[in-house]
Structures are given as structure tokens and as C-alpha cells.
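*Asks:* My structure is below; once you've seen it, I'll send some questions.
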Amino acid sequence: MSTEQILILDTTLRDGEQTQGVAFSPDEKAQIAQVLLEQLRLDRIEVASARVSRGEQAAVARIVDWARGKGLDGRVEALGFVDDGKSIDWIQTAGGSVMNLLAKGSRKHCETQLRKTLDSHAEDIRRNVALARERGLAVNLYLEDWSNGYADDPGYVYALLERLCDSGVGHFMLPDTLGVMTPERVFTAVMDMSRRFPDCRFDFHPHNDYGLATANVVAAAQAGAACVHCTVNCLGERAGNASLAEVVVNLRDQLGMDLGLDEQHLARASELVQYFSGKRIADNAPIVGEDVFTQTAGIHADGDHKGGLYATRLSPERFGRRRVYALGKLAGKASLAKNLERLGVQLSDEQQRKVLARIVELGDSKKRITFEDLPFIIAEVLDSSDYNHAELLACNVSSSLGLQSTASIKLRLHETVHTAAGSGNGGFDAFNKALAEITQRADLSLPRLVDYEVRIPKGGRTDALTECTITWAHRGGGSAAPPAPGPATAPGSEAPGYPQGRDASGAAAGTTAKRQSEFKTRGVHANQVFASINATMRMLNLVVHWSLNEAEGAAGADREPAGAAQHVA
């Protein structure tokens, strides 16, 4: 047999269901089977074990009925047992046409579990194969515990094959039942079996107990196996089988083998099986993991930008996916540029520098910053001014169930460092009580909070960045008010921090003739309270800046001649 062609059998719906805690409903089995056969175009799928339950039989019947309408029913197989026709009846009642008969591939299993001799077991197998073939079923044969049987007593394995080679079995399936083999041992054993029995077709069925399942599949293919087995997401008994995605790309890329499978649907199959099985895969699982096409290091993004220096045959487009450039403390200019390109946003070099600096800053406090977080960060940076009149040097906010929240802050205002503490109804309220204590010392009047809005990017992740936008009403005349007030926002119900109608000190805000101008500030942080604190610190810097402008304007007016003053007025 040519080593350039090989078949793939997926046993997600049979061996994969032996994963602890996994039980597919008939509807789920049918949907998975359709994806495997129609979209991935797999050569063979094993969908059930005979005589398990009526529900299992109904699931097989549904799969076979659908497959027959597509001309694919010959690819649907079920596990059967040496039980003199009971498994045959069960499979035929479900409409199946292929039985994978389970036999003993080691002397220990044969004599200890079955309490039979090699000859009597071989006779039982031949009888059941003949009966199945008479009833119109194709038959393949599993040699359970073959890996140990071949290692401990190869004579038993040879003798069993000699008695069965002419029995009408289509494929002899060689399982590494306990996942104990190495690639070297697999290659030697499969090569030996293929040379000793050149008229037989051999499958290799791996298990992943030592983490070698995919490597063992590659070795079996190199040694001449006609078919290899795997499961979606490496589901299976104990540590699972071999991952379908890993097997496919290795057979194609490492061995140059001809496969009929469509790789564009590997990720979809993985997601579907994760959803139905309840078993999530690691984010870095090869090919199908969420993060495997994400470049984190800035140097890699730079290399891609300058000429695909880090590209391999495993391109995301090959699998219907896309390259992602991570944003975080390891990001560089090229990582940001790639994300801005995807977002369709153009920033100046100076703006990019500021955005990148903010990304790195946030990356120090947050595990992950996503593409969905980026618009929040850009908006925050573009909305900011370079005022640095006030700086929050340290802040501790504590909230407890049934107790008031407390906040302790250390804040630089101009060149003076202040400390204060406050308590209130929530962390943000406590922070503002502490802040009010400091601003009162400095004889600084703060605006009134009239609206408070919090949102996260779409997707609902609990670790997403939080954007807090606060609308303030600046009370006071002269240039201390915002130079160009934005559109008014109708005050909502009581917002965190300040009760409606009260300023930062808690005093009532009367409806006087003083001009009220509304303005907004924005803060971004992984923690909602600190996002609102960032927005408040931005407000504080604006208010201090306007107050300084007002003071400078008043001083200038005092120096102007009367005529000039009248002219300005």
C-alpha cells in the first residue's frame, strides 16, 4: 500500500463518549456526525457501541438514515462484540452496515478475561464474522490490548492473525489500548505486522496516556498503516485518543499524505464538540485552541509586518481563522499597528505612542487585553489632556457585605501630597468622600455628578476592560467653566458617588443663576471602581486647570487699563 494515501477514522461518538462525564444525546450525535461526514468529509466515523441502550440505537438509526440520503452510510460504523449475533441484530435494526468486532489482541486478555484458548477464541471470531457477512454487514476487527500483546507474546498475535486473515475481515485494528507505546515501538510493530501479513489492511488506534498519541499515529502512518484513528479534541478514555486536528496537519505537512478531509471546518467541529461534551480544550491546543494564532511578542508582530518572518504552513487562513496580535505589556508598535489596521483606525505617531503606553500600563494590571478592548483605550487616550496638576499616588478601596465601603488615598495636588480616608455606600462613593476632604483643604470646588455610565466590550467576558463615562455639571462663572460645553445629558437616578443634586462635598446644588456647563470624562480599567476613579481624576485635572486659567485671567484683568477692560468687555 502506498504511504502517500491513508484513511482517517474518527471515533468521537464512540470512544470519545467514554470520556468521563461525556454523554451525547441522540440529537447531538446526529449533528456531530453530519459535521464530520458532510463538512469535514471524513473517510469513516465510529458512532456507537452495540447493545448499550435503546436511545443509542435510535441515535445510530438517525445518523445512518441521514447518511444514506447523502450516499455516506457505508462510512458509518458501530462497535460490536463476539456474542453470536446479538450485536449484529442491534446494528442491523439501527440500519447500520459496518460492524467493528471487538476481539482480544493479547494472550493475557484472552485467557484471563475470556478464559479461552487462542484456538477457541479464533473459532468464535470466525463464526461471528461469517454470520455478519451472511447478514450483509462489512466487518472490521479490533485486537484489544494489541500493544501489550505484541510486546509480551508476539507469537499469540501472529497465530491469531494467521487464523483470521482469510475470514473476510476488512481492516484489522491495532489498538494501543493503554497508551503505552512510543513512536519507535509503533513503527517497528506496525511495519512488522504489515510485512508478515501483506494481504491484510491494518488500522492504528492510539491512546494518549503518555502524551504520545499524535506522534504514534505519525509513526504508524510511516510504517504503512492503511487507516489511523482519532477523536475531535482528543476525547476518549482516560487521557483520550489522538486529536483529529493534530493528526490531519501532521499527516499532510510532515508526511505529505493525501487526505480527503476539509481543514476549513476543523475549528467548527472542535467548537461543536466542546459545546455538546462540556469539555473545554486548552487555549493553546494546536490548530483549534483560541490563542494558537495569536502573536504576543512585539518582535513577532514586527517580523510579520516586515515580511512574514514568522509564517509557517500552519497559517490561520488555512483553517478558516485569522491571525491575532495580542495587546499587553509585551506588545510593540507593530502589534498595535496590526490591530489598528484591523479596526480601520488611523492614528498619528504621537497618538500611537500614547495608546501603546496605556496598553502596556494596563497590561501590568490585567492578564489579557483583547481587540475588543482597544476602542475603549483609544477613546480614553484621545479624550485625555496632558494636564498633570493632580496625581493619584496610592489608593486602597475595600468593600464588604453588610458594611460600608472604605477608601484611603494618597494624592498629589500641585506640589503638595495629601492623604485622606472616607467611607460610603460603595467603593466609588468612599473614594469621593476622601477626595472631597482633600479638595476642601485646597479650597477647590468640584462639579456635580449628573450621569454615570459603565460598559464593557461585546462578548460578556468577566475579565474585560471596563469603561466608565461620567457626566459632570460644572457650576461657576468665568473661565473656570469648560470652554466648550458638550451636549447636555439629562440627569438620571442617583449615581454612585454623589446623590443627585449634590456636589462633591455633599452640599445641595441650588438652581442659581450661575452658569452650569456639562462635560464628560472617561476612565478605563479592568476594575470597575478604578475605571470610575480614573474618570474622576481626569475631571479633577480639568477643574484644576480651569481654575488656574480663571485665576490667571483675573490677575490679567487687574493689570489692564480701564479702557482696555471696557474694550474686552
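Residue names in the C-alpha cells use chain letters A, B, ... in the order shown, residue numbers from 1 in each chain, and ligand numbers from 1 in the order shown.
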Neighbouring residues of Arg135 of chain A were defined as those with any atom within 12 Å, considering only C-alpha atoms; residues of the same chain fewer than 4 positions away were excluded. Please report them as a compact mmCIF listing (two decimals) with all heavy atoms, in the first residue's frame.

*Replies:*
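Done, and the output landed in selection-v9.txt:
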# COMPACT_ATOMS: atom_id res chain seq x y z
N GLY A 85 -24.39 -13.02 17.28
CA GLY A 85 -25.49 -12.40 16.55
C GLY A 85 -26.23 -11.29 17.26
O GLY A 85 -26.98 -10.55 16.62
N SER A 87 -25.08 -8.47 18.66
CA SER A 87 -24.61 -7.18 18.17
C SER A 87 -25.03 -6.96 16.72
O SER A 87 -25.38 -5.84 16.32
CB SER A 87 -23.08 -7.09 18.28
OG SER A 87 -22.67 -7.05 19.62
N ILE A 88 -25.00 -8.04 15.95
CA ILE A 88 -25.41 -7.95 14.55
C ILE A 88 -26.86 -7.50 14.46
O ILE A 88 -27.21 -6.60 13.67
CB ILE A 88 -25.21 -9.30 13.83
CG1 ILE A 88 -23.72 -9.69 13.83
CG2 ILE A 88 -25.76 -9.25 12.41
CD1 ILE A 88 -23.46 -11.10 13.36
N ASP A 89 -27.73 -8.12 15.26
CA ASP A 89 -29.14 -7.74 15.27
C ASP A 89 -29.31 -6.27 15.64
O ASP A 89 -30.10 -5.54 15.03
CB ASP A 89 -29.92 -8.61 16.26
CG ASP A 89 -30.02 -10.07 15.82
OD1 ASP A 89 -29.83 -10.33 14.61
OD2 ASP A 89 -30.28 -10.93 16.68
N ILE A 91 -27.19 -3.75 15.42
CA ILE A 91 -26.69 -2.83 14.39
C ILE A 91 -27.61 -2.83 13.18
O ILE A 91 -27.92 -1.77 12.61
CB ILE A 91 -25.25 -3.23 13.99
CG1 ILE A 91 -24.29 -2.97 15.17
CG2 ILE A 91 -24.79 -2.45 12.76
CD1 ILE A 91 -22.89 -3.52 14.95
N GLN A 92 -28.09 -4.00 12.79
CA GLN A 92 -28.98 -4.06 11.63
C GLN A 92 -30.32 -3.38 11.89
O GLN A 92 -30.87 -2.73 11.01
CB GLN A 92 -29.18 -5.50 11.20
CG GLN A 92 -28.00 -6.08 10.43
CD GLN A 92 -28.39 -7.27 9.59
OE1 GLN A 92 -29.04 -8.19 10.09
NE2 GLN A 92 -27.96 -7.28 8.33
N THR A 93 -30.82 -3.53 13.10
CA THR A 93 -32.07 -2.86 13.46
C THR A 93 -31.93 -1.35 13.34
O THR A 93 -32.87 -0.64 12.97
CB THR A 93 -32.50 -3.24 14.89
OG1 THR A 93 -32.69 -4.65 14.96
CG2 THR A 93 -33.78 -2.52 15.30
N GLY A 96 -27.50 -0.01 10.35
CA GLY A 96 -26.07 0.02 10.09
C GLY A 96 -25.61 -1.05 9.13
O GLY A 96 -26.27 -2.08 8.95
N SER A 97 -24.45 -0.79 8.51
CA SER A 97 -23.94 -1.75 7.53
C SER A 97 -22.49 -2.15 7.80
O SER A 97 -21.93 -2.97 7.07
CB SER A 97 -24.03 -1.16 6.12
OG SER A 97 -23.30 0.06 6.03
N VAL A 98 -21.87 -1.58 8.85
CA VAL A 98 -20.47 -1.90 9.16
C VAL A 98 -20.35 -2.16 10.66
O VAL A 98 -20.74 -1.33 11.48
CB VAL A 98 -19.51 -0.75 8.78
CG1 VAL A 98 -18.06 -1.17 9.05
CG2 VAL A 98 -19.69 -0.35 7.32
N MET A 99 -19.77 -3.32 11.01
CA MET A 99 -19.54 -3.67 12.41
C MET A 99 -18.04 -3.78 12.66
O MET A 99 -17.33 -4.46 11.92
CB MET A 99 -20.21 -5.00 12.77
CG MET A 99 -19.96 -5.42 14.22
SD MET A 99 -20.89 -6.89 14.73
CE MET A 99 -20.05 -8.18 13.76
N ASN A 128 -18.57 -15.47 14.15
CA ASN A 128 -19.31 -14.20 14.19
C ASN A 128 -19.07 -13.36 12.95
O ASN A 128 -19.98 -12.68 12.48
CB ASN A 128 -18.92 -13.41 15.44
CG ASN A 128 -19.66 -13.87 16.69
OD1 ASN A 128 -20.68 -13.30 17.07
ND2 ASN A 128 -19.18 -14.94 17.32
N VAL A 129 -17.85 -13.40 12.41
CA VAL A 129 -17.57 -12.68 11.16
C VAL A 129 -18.40 -13.27 10.02
O VAL A 129 -19.01 -12.53 9.23
CB VAL A 129 -16.07 -12.73 10.82
CG1 VAL A 129 -15.82 -12.18 9.41
CG2 VAL A 129 -15.26 -11.95 11.84
N ALA A 130 -18.43 -14.60 9.95
CA ALA A 130 -19.19 -15.25 8.89
C ALA A 130 -20.67 -14.92 8.99
O ALA A 130 -21.33 -14.63 7.98
CB ALA A 130 -18.98 -16.76 8.95
N LEU A 131 -21.22 -14.91 10.22
CA LEU A 131 -22.63 -14.61 10.42
C LEU A 131 -22.93 -13.16 10.00
O LEU A 131 -23.95 -12.91 9.34
CB LEU A 131 -23.00 -14.82 11.89
CG LEU A 131 -24.45 -14.55 12.28
CD1 LEU A 131 -25.41 -15.44 11.48
CD2 LEU A 131 -24.66 -14.75 13.77
N VAL A 139 -17.26 -6.19 8.01
CA VAL A 139 -16.71 -6.41 9.35
C VAL A 139 -15.24 -6.00 9.39
O VAL A 139 -14.44 -6.38 8.54
CB VAL A 139 -16.82 -7.90 9.76
CG1 VAL A 139 -16.29 -8.09 11.18
CG2 VAL A 139 -18.26 -8.39 9.65

*Asks:* Within 9 Å of segment 60-65 of chain A, counting only C-alpha atoms, which residues show up once you throw out same-chain ones fewer than 2 positions away? Write them as a list in words, please.

*Replies:*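 Using only C-alpha atoms, the neighbours found are Pro26, Asp27, Lys29, Ala30, Gln31, Ala33, Gln34, Val47, Ala48, Gly55, Glu56, Gln57, Ala58, Ala67, Arg68, Gly69, Leu72, Asp73, Gly74, Val76, Ala78, Ile91, Thr93, Ala94, Gly95, Gly96 and Ser97 of chain A.
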
*Asks:* So, counting only C-alpha atoms, which residue among A:Thr294, A:Thr19, A:Ser348, A:Thr312 is closest to Phe371 of chain A?

*Replies:*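 Looking only at the distances to Phe371 of chain A, the closest residue turns out to be A:Thr294.
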
*Asks:* Hey, can you check how far atom CA of Thr370 of chain A sits from atom CA of Ala531 of chain A?

*Replies:*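 Between atom CA of Thr370 of chain A and atom CA of Ala531 of chain A the gap is 16.9 Å.
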
*Asks:* Taking 2 positions as the minimum chain separation for residues in the same chain, which residues sit within 12 Å of segment 412-418 of chain A when counting only C-alpha atoms? Answer as number ranges by chain.

*Replies:* A: 387-395, 408-410, 420-421, 434-444, 537, 540-541, 543-545, 548

*Asks:* Might you pull out every residue within 7 Å of segment 41-44 of chain A, with only C-alpha atoms counted and same-chain residues fewer than 2 positions away left off, and present them as a list in words?

*Replies:* Leu7, Ile8, Leu9, Asp10, Leu36, Leu37, Glu38, Gln39, Glu46, Arg75, Val76, Gly260, Leu261 and Asp262 of chain A

*Asks:* Take the residues just selected and output them with N, CA, C and O atoms as a PDB file, in the first residue's frame.

*Replies:*
ATOM      1  N   LEU A   7      -6.385   6.596   5.257  1.00  0.00           N
ATOM      2  CA  LEU A   7      -7.738   6.906   5.689  1.00  0.00           C
ATOM      3  C   LEU A   7      -7.726   7.366   7.141  1.00  0.00           C
ATOM      4  O   LEU A   7      -6.817   7.029   7.908  1.00  0.00           O
ATOM      5  N   ILE A   8      -8.759   8.119   7.507  1.00  0.00           N
ATOM      6  CA  ILE A   8      -8.906   8.566   8.890  1.00  0.00           C
ATOM      7  C   ILE A   8     -10.274   8.135   9.399  1.00  0.00           C
ATOM      8  O   ILE A   8     -11.307   8.381   8.749  1.00  0.00           O
ATOM      9  N   LEU A   9     -10.262   7.466  10.544  1.00  0.00           N
ATOM     10  CA  LEU A   9     -11.497   7.093  11.230  1.00  0.00           C
ATOM     11  C   LEU A   9     -11.625   7.955  12.480  1.00  0.00           C
ATOM     12  O   LEU A   9     -10.726   7.974  13.325  1.00  0.00           O
ATOM     13  N   ASP A  10     -12.728   8.662  12.600  1.00  0.00           N
ATOM     14  CA  ASP A  10     -12.994   9.454  13.799  1.00  0.00           C
ATOM     15  C   ASP A  10     -13.950   8.678  14.703  1.00  0.00           C
ATOM     16  O   ASP A  10     -15.027   8.259  14.276  1.00  0.00           O
ATOM     17  N   LEU A  36     -18.950  15.897  10.756  1.00  0.00           N
ATOM     18  CA  LEU A  36     -17.793  15.053  10.458  1.00  0.00           C
ATOM     19  C   LEU A  36     -17.836  14.509   9.028  1.00  0.00           C
ATOM     20  O   LEU A  36     -16.811  14.482   8.334  1.00  0.00           O
ATOM     21  N   LEU A  37     -19.009  14.103   8.589  1.00  0.00           N
ATOM     22  CA  LEU A  37     -19.105  13.458   7.273  1.00  0.00           C
ATOM     23  C   LEU A  37     -19.296  14.458   6.131  1.00  0.00           C
ATOM     24  O   LEU A  37     -18.658  14.342   5.088  1.00  0.00           O
ATOM     25  N   GLU A  38     -20.155  15.448   6.336  1.00  0.00           N
ATOM     26  CA  GLU A  38     -20.503  16.324   5.224  1.00  0.00           C
ATOM     27  C   GLU A  38     -19.565  17.519   5.110  1.00  0.00           C
ATOM     28  O   GLU A  38     -19.216  17.931   4.001  1.00  0.00           O
ATOM     29  N   GLN A  39     -19.155  18.106   6.230  1.00  0.00           N
ATOM     30  CA  GLN A  39     -18.302  19.285   6.169  1.00  0.00           C
ATOM     31  C   GLN A  39     -16.819  18.916   6.197  1.00  0.00           C
ATOM     32  O   GLN A  39     -16.048  19.368   5.361  1.00  0.00           O
ATOM     33  N   GLU A  46     -16.950   6.191  13.653  1.00  0.00           N
ATOM     34  CA  GLU A  46     -17.480   5.143  14.530  1.00  0.00           C
ATOM     35  C   GLU A  46     -18.410   5.840  15.526  1.00  0.00           C
ATOM     36  O   GLU A  46     -17.991   6.753  16.245  1.00  0.00           O
ATOM     37  N   ARG A  75     -19.871   4.782   5.456  1.00  0.00           N
ATOM     38  CA  ARG A  75     -18.813   5.350   6.297  1.00  0.00           C
ATOM     39  C   ARG A  75     -19.168   5.331   7.787  1.00  0.00           C
ATOM     40  O   ARG A  75     -18.358   5.745   8.610  1.00  0.00           O
ATOM     41  N   VAL A  76     -20.370   4.885   8.112  1.00  0.00           N
ATOM     42  CA  VAL A  76     -20.842   4.884   9.496  1.00  0.00           C
ATOM     43  C   VAL A  76     -20.653   3.487  10.086  1.00  0.00           C
ATOM     44  O   VAL A  76     -21.187   2.504   9.561  1.00  0.00           O
ATOM     45  N   GLY A 260      -8.584  13.355   2.101  1.00  0.00           N
ATOM     46  CA  GLY A 260      -9.771  13.959   1.503  1.00  0.00           C
ATOM     47  C   GLY A 260     -10.456  14.943   2.428  1.00  0.00           C
ATOM     48  O   GLY A 260     -11.502  15.497   2.083  1.00  0.00           O
ATOM     49  N   LEU A 261      -9.911  15.191   3.589  1.00  0.00           N
ATOM     50  CA  LEU A 261     -10.572  15.989   4.620  1.00  0.00           C
ATOM     51  C   LEU A 261     -10.460  17.493   4.347  1.00  0.00           C
ATOM     52  O   LEU A 261      -9.446  17.966   3.857  1.00  0.00           O
ATOM     53  N   ASP A 262     -11.515  18.235   4.695  1.00  0.00           N
ATOM     54  CA  ASP A 262     -11.548  19.686   4.519  1.00  0.00           C
ATOM     55  C   ASP A 262     -11.166  20.352   5.842  1.00  0.00           C
ATOM     56  O   ASP A 262     -11.949  20.384   6.789  1.00  0.00           O
TER      57      ASP A 262
END

*Asks:* When you draw a straight line from atom CA of Phe187 of chain A to atom CA of Ala223 of chain A, how long is it in Å?

*Replies:*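 Separation of atom CA of Phe187 of chain A and atom CA of Ala223 of chain A: 5.3 Å.
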
*Asks:* Just the number, please: distance in Å from atom CA of Cys468 of chain A to atom CA of Gly523 of chain A, one decimal.

*Replies:*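 Between these atoms lies a distance of 5.2 Å.
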
*Asks:* Identify, on the basis of only C-alpha atoms, every residue whose closest approach to Ala225 of chain A does not exceed 9 Å; exclude the query and any residue fewer than 3 positions from it along the same chain; express the result as a ChimeraX atom specification.

*Replies:* /A:1,3,6-7,190-191,194,201-204,220-222,228

*Asks:* From the set A:Gly170, A:Val186, A:Gly424, A:Thr231, which residue has the shortest atom-to-atom contact distance to Arg133 of chain A, counting only C-alpha atoms?

*Replies:* A:Gly170

*Asks:* Choose the residue, out of A:Val360, A:Ile287, A:Ala213, A:Ala535, that has the smallest atom-to-atom separation from Gly240 of chain A; count only C-alpha atoms.

*Replies:*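 Of A:Val360, A:Ile287, A:Ala213, A:Ala535, the one nearest Gly240 of chain A, counting only C-alpha atoms, is A:Ala213.
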